[in-house]
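Asks: Just one file: my_file01.pdb, with PDB, C-alpha atoms.
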```
ATOM      1  CA  GLN A   1     -15.497 -95.632-133.409
ATOM      2  CA  VAL A   2     -11.777 -94.958-133.253
ATOM      3  CA  GLN A   3      -9.654 -98.040-132.643
ATOM      4  CA  LEU A   4      -5.924 -98.338-132.030
ATOM      5  CA  GLN A   5      -3.833-101.486-132.421
ATOM      6  CA  GLU A   6      -0.218-101.916-131.368
ATOM      7  CA  SER A   7       2.054-104.276-133.263
ATOM      8  CA  GLY A   8       5.677-105.324-133.057
ATOM      9  CA  PRO A   9       8.031-107.931-131.624
ATOM     10  CA  GLY A  10       7.159-109.286-128.214
ATOM     11  CA  LEU A  11      10.767-110.127-127.393
ATOM     12  CA  VAL A  12      13.760-107.826-127.741
ATOM     13  CA  LYS A  13      17.351-108.550-126.734
ATOM     14  CA  PRO A  14      19.159-106.301-124.269
ATOM     15  CA  SER A  15      20.997-103.366-125.899
ATOM     16  CA  GLU A  16      18.870-103.670-129.051
ATOM     17  CA  THR A  17      16.097-101.369-130.284
ATOM     18  CA  LEU A  18      12.417-101.837-129.537
ATOM     19  CA  PHE A  19      10.144-100.898-132.416
ATOM     20  CA  LEU A  20       6.368-100.683-132.179
ATOM     21  CA  THR A  21       3.697 -99.418-134.542
ATOM     22  CA  CYS A  22       0.192 -98.248-133.714
ATOM     23  CA  THR A  23      -2.443 -98.423-136.440
ATOM     24  CA  VAL A  24      -5.425 -96.107-136.134
ATOM     25  CA  SER A  25      -8.749 -97.110-137.662
ATOM     26  CA  GLY A  26     -12.211 -95.565-137.632
ATOM     27  CA  GLY A  27     -10.849 -92.050-137.778
ATOM     28  CA  SER A  28      -8.108 -89.852-139.164
ATOM     29  CA  ILE A  29      -4.696 -89.525-137.591
ATOM     30  CA  SER A  30      -4.623 -85.890-138.628
ATOM     31  CA  GLU A  31      -4.988 -83.040-136.127
ATOM     32  CA  TYR A  32      -4.512 -85.175-133.049
ATOM     33  CA  TYR A  33      -1.690 -85.997-130.668
ATOM     34  CA  TRP A  34      -0.652 -89.630-130.466
ATOM     35  CA  ASN A  35       0.947 -91.032-127.367
ATOM     36  CA  TRP A  36       2.928 -93.998-126.087
ATOM     37  CA  ILE A  37       2.464 -95.093-122.485
ATOM     38  CA  ARG A  38       3.896 -98.158-120.794
ATOM     39  CA  GLN A  39       3.154-100.235-117.725
ATOM     40  CA  PRO A  40       5.516-102.780-116.156
ATOM     41  CA  ALA A  41       3.765-105.839-114.779
ATOM     42  CA  GLY A  42       1.938-105.026-111.555
ATOM     43  CA  LYS A  43       3.033-101.381-111.642
ATOM     44  CA  GLY A  44       1.722 -97.985-112.640
ATOM     45  CA  LEU A  45       1.568 -96.075-115.896
ATOM     46  CA  GLU A  46       4.489 -94.180-117.419
ATOM     47  CA  TRP A  47       4.083 -91.681-120.231
ATOM     48  CA  ILE A  48       6.801 -92.071-122.863
ATOM     49  CA  GLY A  49       5.950 -89.267-125.270
ATOM     50  CA  ARG A  50       3.647 -87.903-127.944
ATOM     51  CA  ILE A  51       3.720 -86.989-131.600
ATOM     52  CA  TYR A  52       1.392 -84.652-133.433
ATOM     53  CA  SER A  53       0.135 -85.549-136.872
ATOM     54  CA  SER A  54       2.490 -82.912-138.299
ATOM     55  CA  GLY A  55       5.441 -84.767-136.801
ATOM     56  CA  SER A  56       6.273 -82.504-133.842
ATOM     57  CA  THR A  57       7.165 -84.435-130.717
ATOM     58  CA  ASN A  58       7.417 -84.254-126.937
ATOM     59  CA  TYR A  59       9.311 -86.912-125.031
ATOM     60  CA  SER A  60       9.633 -87.740-121.369
ATOM     61  CA  PRO A  61      12.983 -86.335-120.188
ATOM     62  CA  SER A  62      13.847 -89.638-118.520
ATOM     63  CA  LEU A  63      13.652 -91.473-121.874
ATOM     64  CA  LYS A  64      14.380 -88.674-124.330
ATOM     65  CA  SER A  65      17.899 -89.814-125.194
ATOM     66  CA  ARG A  66      16.594 -93.231-126.325
ATOM     67  CA  VAL A  67      13.188 -92.439-127.862
ATOM     68  CA  THR A  68      12.206 -91.598-131.412
ATOM     69  CA  MET A  69       8.626 -91.307-132.600
ATOM     70  CA  SER A  70       7.395 -90.971-136.151
ATOM     71  CA  VAL A  71       4.067 -90.730-137.956
ATOM     72  CA  ASP A  72       2.881 -91.925-141.352
ATOM     73  CA  THR A  73      -0.373 -90.161-142.144
ATOM     74  CA  SER A  74      -0.800 -92.056-145.420
ATOM     75  CA  LYS A  75      -1.023 -95.312-143.484
ATOM     76  CA  ASN A  76      -2.763 -93.856-140.402
ATOM     77  CA  GLN A  77       0.092 -95.173-138.290
ATOM     78  CA  PHE A  78       2.597 -93.862-135.788
ATOM     79  CA  SER A  79       5.625 -95.585-134.352
ATOM     80  CA  LEU A  80       7.930 -95.814-131.361
ATOM     81  CA  LYS A  81      11.621 -96.648-131.331
ATOM     82  CA  LEU A  82      13.360 -97.175-128.008
ATOM     83  CA  SER A  83      17.065 -97.859-128.250
ATOM     84  CA  SER A  84      19.533 -99.606-125.940
ATOM     85  CA  VAL A  85      16.818-101.474-124.084
ATOM     86  CA  THR A  86      17.353-103.234-120.773
ATOM     87  CA  ALA A  87      15.200-105.461-118.606
ATOM     88  CA  ALA A  88      13.756-102.303-117.049
ATOM     89  CA  ASP A  89      12.023-101.591-120.362
ATOM     90  CA  THR A  90       9.967-104.782-120.093
ATOM     91  CA  ALA A  91       6.355-103.632-119.968
ATOM     92  CA  VAL A  92       2.994-103.537-121.671
ATOM     93  CA  TYR A  93       3.171-100.718-124.187
ATOM     94  CA  TYR A  94       0.008 -98.802-125.020
ATOM     95  CA  CYS A  95      -0.686 -96.311-127.756
ATOM     96  CA  ALA A  96      -3.325 -93.711-127.039
ATOM     97  CA  ARG A  97      -4.957 -90.720-128.718
ATOM     98  CA  GLY A  98      -4.482 -87.410-127.008
ATOM     99  CA  ARG A  99      -7.138 -84.730-126.943
ATOM    100  CA  GLY A 100      -4.880 -81.742-127.277
ATOM    101  CA  LEU A 101      -2.116 -81.955-124.731
ATOM    102  CA  ASP A 102      -4.562 -82.957-122.045
ATOM    103  CA  TYR A 103      -6.035 -86.425-121.798
ATOM    104  CA  PHE A 104      -6.066 -89.805-123.507
ATOM    105  CA  ASP A 105      -9.485 -90.746-124.813
ATOM    106  CA  TYR A 106      -8.796 -93.820-126.936
ATOM    107  CA  TRP A 107      -6.296 -96.541-126.114
ATOM    108  CA  GLY A 108      -4.968 -99.611-127.847
ATOM    109  CA  GLN A 109      -5.280-102.956-126.097
ATOM    110  CA  GLY A 110      -1.574-102.932-125.257
ATOM    111  CA  THR A 111       1.272-105.189-126.288
ATOM    112  CA  LEU A 112       3.724-106.902-123.971
ATOM    113  CA  VAL A 113       7.372-106.366-124.796
ATOM    114  CA  THR A 114       9.891-108.464-122.914
ATOM    115  CA  VAL A 115      13.576-107.591-122.928
ATOM    116  CA  SER A 116      15.588-110.769-122.524
ATOM    117  CA  SER A 117      18.442-112.619-124.159
TER     118      SER A 117
ATOM    119  CA  ASP B   1       8.502 -83.763-112.809
ATOM    120  CA  ILE B   2       5.211 -83.217-111.018
ATOM    121  CA  GLN B   3       4.575 -86.026-108.532
ATOM    122  CA  MET B   4       1.018 -87.330-108.204
ATOM    123  CA  THR B   5       0.125 -89.098-104.973
ATOM    124  CA  GLN B   6      -3.101 -91.035-104.609
ATOM    125  CA  SER B   7      -4.731 -92.140-101.408
ATOM    126  CA  PRO B   8      -5.559 -94.670-100.366
ATOM    127  CA  SER B   9      -3.449 -97.150-102.362
ATOM    128  CA  SER B  10      -6.142 -99.758-101.830
ATOM    129  CA  LEU B  11      -9.686 -99.695-100.632
ATOM    130  CA  SER B  12     -12.288-102.315 -99.759
ATOM    131  CA  ALA B  13     -15.902-101.370-100.241
ATOM    132  CA  SER B  14     -19.314-102.891-100.834
ATOM    133  CA  VAL B  15     -21.833-102.530-103.632
ATOM    134  CA  ARG B  16     -23.877 -99.348-103.193
ATOM    135  CA  ASP B  17     -21.190 -97.720-101.034
ATOM    136  CA  ARG B  18     -20.070 -94.159-101.717
ATOM    137  CA  VAL B  19     -16.319 -94.062-102.363
ATOM    138  CA  THR B  20     -13.856 -91.194-102.631
ATOM    139  CA  ILE B  21     -10.296 -91.402-103.954
ATOM    140  CA  THR B  22      -7.898 -88.516-103.502
ATOM    141  CA  CYS B  23      -5.081 -87.333-105.747
ATOM    142  CA  ARG B  24      -2.570 -84.704-104.675
ATOM    143  CA  ALA B  25      -0.103 -82.944-106.970
ATOM    144  CA  SER B  26       3.348 -81.821-105.845
ATOM    145  CA  GLN B  27       2.612 -78.347-107.280
ATOM    146  CA  SER B  28      -0.402 -76.528-108.593
ATOM    147  CA  ILE B  29      -1.770 -77.986-111.815
ATOM    148  CA  ALA B  30      -4.913 -75.805-112.115
ATOM    149  CA  ASN B  31      -7.545 -78.247-113.402
ATOM    150  CA  TYR B  32      -5.259 -80.303-115.659
ATOM    151  CA  LEU B  33      -6.238 -83.523-113.944
ATOM    152  CA  ASN B  34      -7.760 -86.640-115.453
ATOM    153  CA  TRP B  35      -9.014 -89.936-114.007
ATOM    154  CA  TYR B  36      -8.835 -93.402-115.556
ATOM    155  CA  GLN B  37     -10.214 -96.815-114.631
ATOM    156  CA  GLN B  38      -8.229 -99.943-115.422
ATOM    157  CA  LYS B  39      -9.408-103.525-115.138
ATOM    158  CA  PRO B  40      -6.972-106.469-115.141
ATOM    159  CA  GLY B  41      -5.512-107.172-118.558
ATOM    160  CA  LYS B  42      -7.221-104.158-120.114
ATOM    161  CA  ALA B  43      -6.201-100.698-121.194
ATOM    162  CA  PRO B  44      -7.111 -97.749-118.993
ATOM    163  CA  LYS B  45     -10.428 -96.064-119.714
ATOM    164  CA  LEU B  46     -10.945 -92.317-119.412
ATOM    165  CA  LEU B  47     -13.576 -91.382-116.820
ATOM    166  CA  ILE B  48     -13.082 -87.710-115.979
ATOM    167  CA  TYR B  49     -11.090 -84.977-117.731
ATOM    168  CA  ALA B  50     -10.254 -81.429-116.711
ATOM    169  CA  ALA B  51     -10.870 -82.402-113.078
ATOM    170  CA  SER B  52     -14.652 -82.508-113.273
ATOM    171  CA  SER B  53     -15.883 -83.174-116.823
ATOM    172  CA  LEU B  54     -17.489 -86.549-117.357
ATOM    173  CA  GLN B  55     -16.303 -88.391-120.445
ATOM    174  CA  SER B  56     -19.069 -89.342-122.854
ATOM    175  CA  GLY B  57     -20.610 -92.709-122.033
ATOM    176  CA  VAL B  58     -19.336 -92.811-118.449
ATOM    177  CA  PRO B  59     -22.092 -93.333-115.844
ATOM    178  CA  SER B  60     -23.118 -90.286-113.853
ATOM    179  CA  ARG B  61     -22.284 -92.020-110.550
ATOM    180  CA  PHE B  62     -18.675 -90.997-111.306
ATOM    181  CA  SER B  63     -17.736 -87.429-110.502
ATOM    182  CA  GLY B  64     -14.572 -85.429-110.046
ATOM    183  CA  SER B  65     -13.699 -82.237-108.244
ATOM    184  CA  GLY B  66     -10.777 -80.107-107.184
ATOM    185  CA  SER B  67      -8.249 -77.645-108.518
ATOM    186  CA  GLY B  68      -4.735 -76.567-107.727
ATOM    187  CA  THR B  69      -3.139 -79.466-105.897
ATOM    188  CA  ASP B  70      -6.009 -81.492-104.421
ATOM    189  CA  PHE B  71      -8.503 -83.556-106.375
ATOM    190  CA  THR B  72     -11.085 -86.221-105.697
ATOM    191  CA  LEU B  73     -12.855 -88.926-107.659
ATOM    192  CA  THR B  74     -16.168 -89.976-106.172
ATOM    193  CA  ILE B  75     -18.299 -92.968-107.045
ATOM    194  CA  SER B  76     -21.715 -92.273-105.581
ATOM    195  CA  SER B  77     -23.044 -95.847-105.469
ATOM    196  CA  LEU B  78     -20.587 -98.614-106.266
ATOM    197  CA  GLN B  79     -21.637-101.172-108.831
ATOM    198  CA  PRO B  80     -20.028-104.602-109.303
ATOM    199  CA  GLU B  81     -18.332-103.461-112.519
ATOM    200  CA  ASP B  82     -16.586-100.581-110.707
ATOM    201  CA  PHE B  83     -14.113-102.800-108.876
ATOM    202  CA  ALA B  84     -10.870-101.888-110.633
ATOM    203  CA  THR B  85      -7.745 -99.766-110.273
ATOM    204  CA  TYR B  86      -8.069 -96.008-110.652
ATOM    205  CA  TYR B  87      -5.322 -93.627-111.767
ATOM    206  CA  CYS B  88      -5.089 -89.875-111.816
ATOM    207  CA  GLN B  89      -2.949 -88.112-114.441
ATOM    208  CA  GLN B  90      -1.708 -84.541-114.715
ATOM    209  CA  SER B  91      -1.298 -82.841-118.060
ATOM    210  CA  PHE B  92      -0.178 -79.443-116.748
ATOM    211  CA  SER B  93       3.454 -79.935-117.687
ATOM    212  CA  ILE B  94       5.706 -82.373-119.488
ATOM    213  CA  PRO B  95       6.171 -85.145-118.660
ATOM    214  CA  ASP B  96       2.601 -86.182-118.091
ATOM    215  CA  THR B  97       2.613 -88.154-114.858
ATOM    216  CA  PHE B  98       0.233 -90.595-113.220
ATOM    217  CA  GLY B  99      -0.570 -91.410-109.645
ATOM    218  CA  GLN B 100       0.489 -94.807-108.364
ATOM    219  CA  GLY B 101      -3.074 -96.113-108.553
ATOM    220  CA  THR B 102      -5.853 -96.987-106.119
ATOM    221  CA  LYS B 103      -7.072-100.565-106.187
ATOM    222  CA  LEU B 104     -10.757-100.787-105.318
ATOM    223  CA  GLU B 105     -11.701-104.233-104.053
ATOM    224  CA  ILE B 106     -14.900-105.899-102.976
ATOM    225  CA  LYS B 107     -15.400-106.118 -99.223
TER     226      LYS B 107
END
```
Rewrite the coordinates I just gave you, this time as structure tokens.
Replies:
Amino acid sequence: QVQLQESGPGLVKPSETLFLTCTVSGGSISEYYWNWIRQPAGKGLEWIGRIYSSGSTNYSPSLKSRVTMSVDTSKNQFSLKLSSVTAADTAVYYCARGRGLDYFDYWGQGTLVTVSS
Amino acid sequence: DIQMTQSPSSLSASVRDRVTITCRASQSIANYLNWYQQKPGKAPKLLIYAASSLQSGVPSRFSGSGSGTDFTLTISSLQPEDFATYYCQQSFSIPDTFGQGTKLEIK
């Protein structure tokens, strides 16, 4: 059974960079798309972007200037960097496996990131 | 971006009721439409992909239909564990976008 686990700081200061890692277990990271999705408290879901195991990426245009994703196949991990964060970036961040470019079939439990001084 | 609009935003229903949730896309998305269920404090769970395909392990009381711009998720006989928030998602074009959610509550 594939499992995903997000990790990273729960508190980030405004204007700094958010950095999260997702560790995949129970399956290979190869030949899949890996996604980041976030959800502010009490609100809906926002797709941030995806990275293929080869390293190719797609980002949401609204966040593209601040987002960088990377993958480490040797560790079965992929990562998210979001720069110049503000309070509007406070959310639960999920990592999720993508089946092709279509749907998300496995999700991490989510990690809350709060942007505050 | 393609806008996804769900209706209703909230819904009260009883166990064994038949429930339908609608999702409308701002442009045609063929059948690139997926449905998720989310319970409080949990990650979303995939129910339906490609508009009408049931994800493995999901009970058959869940079904999806539609193509183009109009889609529906139907729960044929509500069970207590089905009270949750439901989201549709389009994967036709980047960025993937979600509906605002439909909260299904116990009447």
Asks: Using the chain letters and numbers from the file, give me the residues hit by the PyMOL selection byres ((chain B) within 12 of (chain A)), as a ChimeraX atom specification.
Replies: /B:1,4-6,9,29,31-51,53-58,85-103
Asks: Pick out the closest residue to A:Gly26 from this set: A:Val2, A:Leu112, A:Ala41, A:Val12. Count all atoms listed in the file.
Replies: A:Val2
Asks: Can you spell out as a list in words the set of residues that the PyMOL selection byres ((chain B and resi 15) around 10) selects in the structure I just provided?
Replies: Ala13, Ser14, Arg16, Asp17, Arg18, Ser77, Leu78, Gln79, Pro80, Glu81, Asp82, Phe83, Ile106 and Lys107 of chain B
Asks: Kindly give the distance, in Å, that separates atom CA of A:Gly55 and atom CA of A:Leu4, rounded to a single decimal.
Replies: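 Computing it gives 18.3 Å between the two atoms.
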Asks: Between atom CA of A:Ser65 and atom CA of A:Thr111, what is the spacing in Å?
Replies: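 Distance reported for this atom pair: 22.7 Å.
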Asks: In Å to one decimal, how far is atom CA of A:Lys64 from atom CA of B:Ser28?
Replies: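 The value is 24.8 Å.
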Asks: With the PyMOL selection byres ((chain A and resi 30) around 9) as the selection, what would be picked from this file? Answer as a VMD selection string, please.
Replies: chain A and resid 27 to 29 31 to 33 52 to 54 73 76
Asks: Now that the selection is made, can you save its residues with C-alpha atoms as a PDB file, in the frame of the given file?
Replies:
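Output contents, as saved in part-v7.pdb:
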```
ATOM      1  CA  GLY A  27     -10.849 -92.050-137.778  1.00  0.00           C
ATOM      2  CA  SER A  28      -8.108 -89.852-139.164  1.00  0.00           C
ATOM      3  CA  ILE A  29      -4.696 -89.525-137.591  1.00  0.00           C
ATOM      4  CA  GLU A  31      -4.988 -83.040-136.127  1.00  0.00           C
ATOM      5  CA  TYR A  32      -4.512 -85.175-133.049  1.00  0.00           C
ATOM      6  CA  TYR A  33      -1.690 -85.997-130.668  1.00  0.00           C
ATOM      7  CA  TYR A  52       1.392 -84.652-133.433  1.00  0.00           C
ATOM      8  CA  SER A  53       0.135 -85.549-136.872  1.00  0.00           C
ATOM      9  CA  SER A  54       2.490 -82.912-138.299  1.00  0.00           C
ATOM     10  CA  THR A  73      -0.373 -90.161-142.144  1.00  0.00           C
ATOM     11  CA  ASN A  76      -2.763 -93.856-140.402  1.00  0.00           C
TER      12      ASN A  76
END
```
Asks: Would you pick out the contacts of stretch 72-75 of chain B at 8 Å or less, using only C-alpha atoms, so that residues sharing its chain but fewer than 6 positions from it are not included, and give the list as a PyMOL selection string?
Replies: chain B and resi 18-23+35+61-66
Asks: Of the residues A:Arg97, A:Arg66, A:Lys13, A:Arg50, which is the one nearest to A:Ser83, using only C-alpha atoms?
Replies: A:Arg66
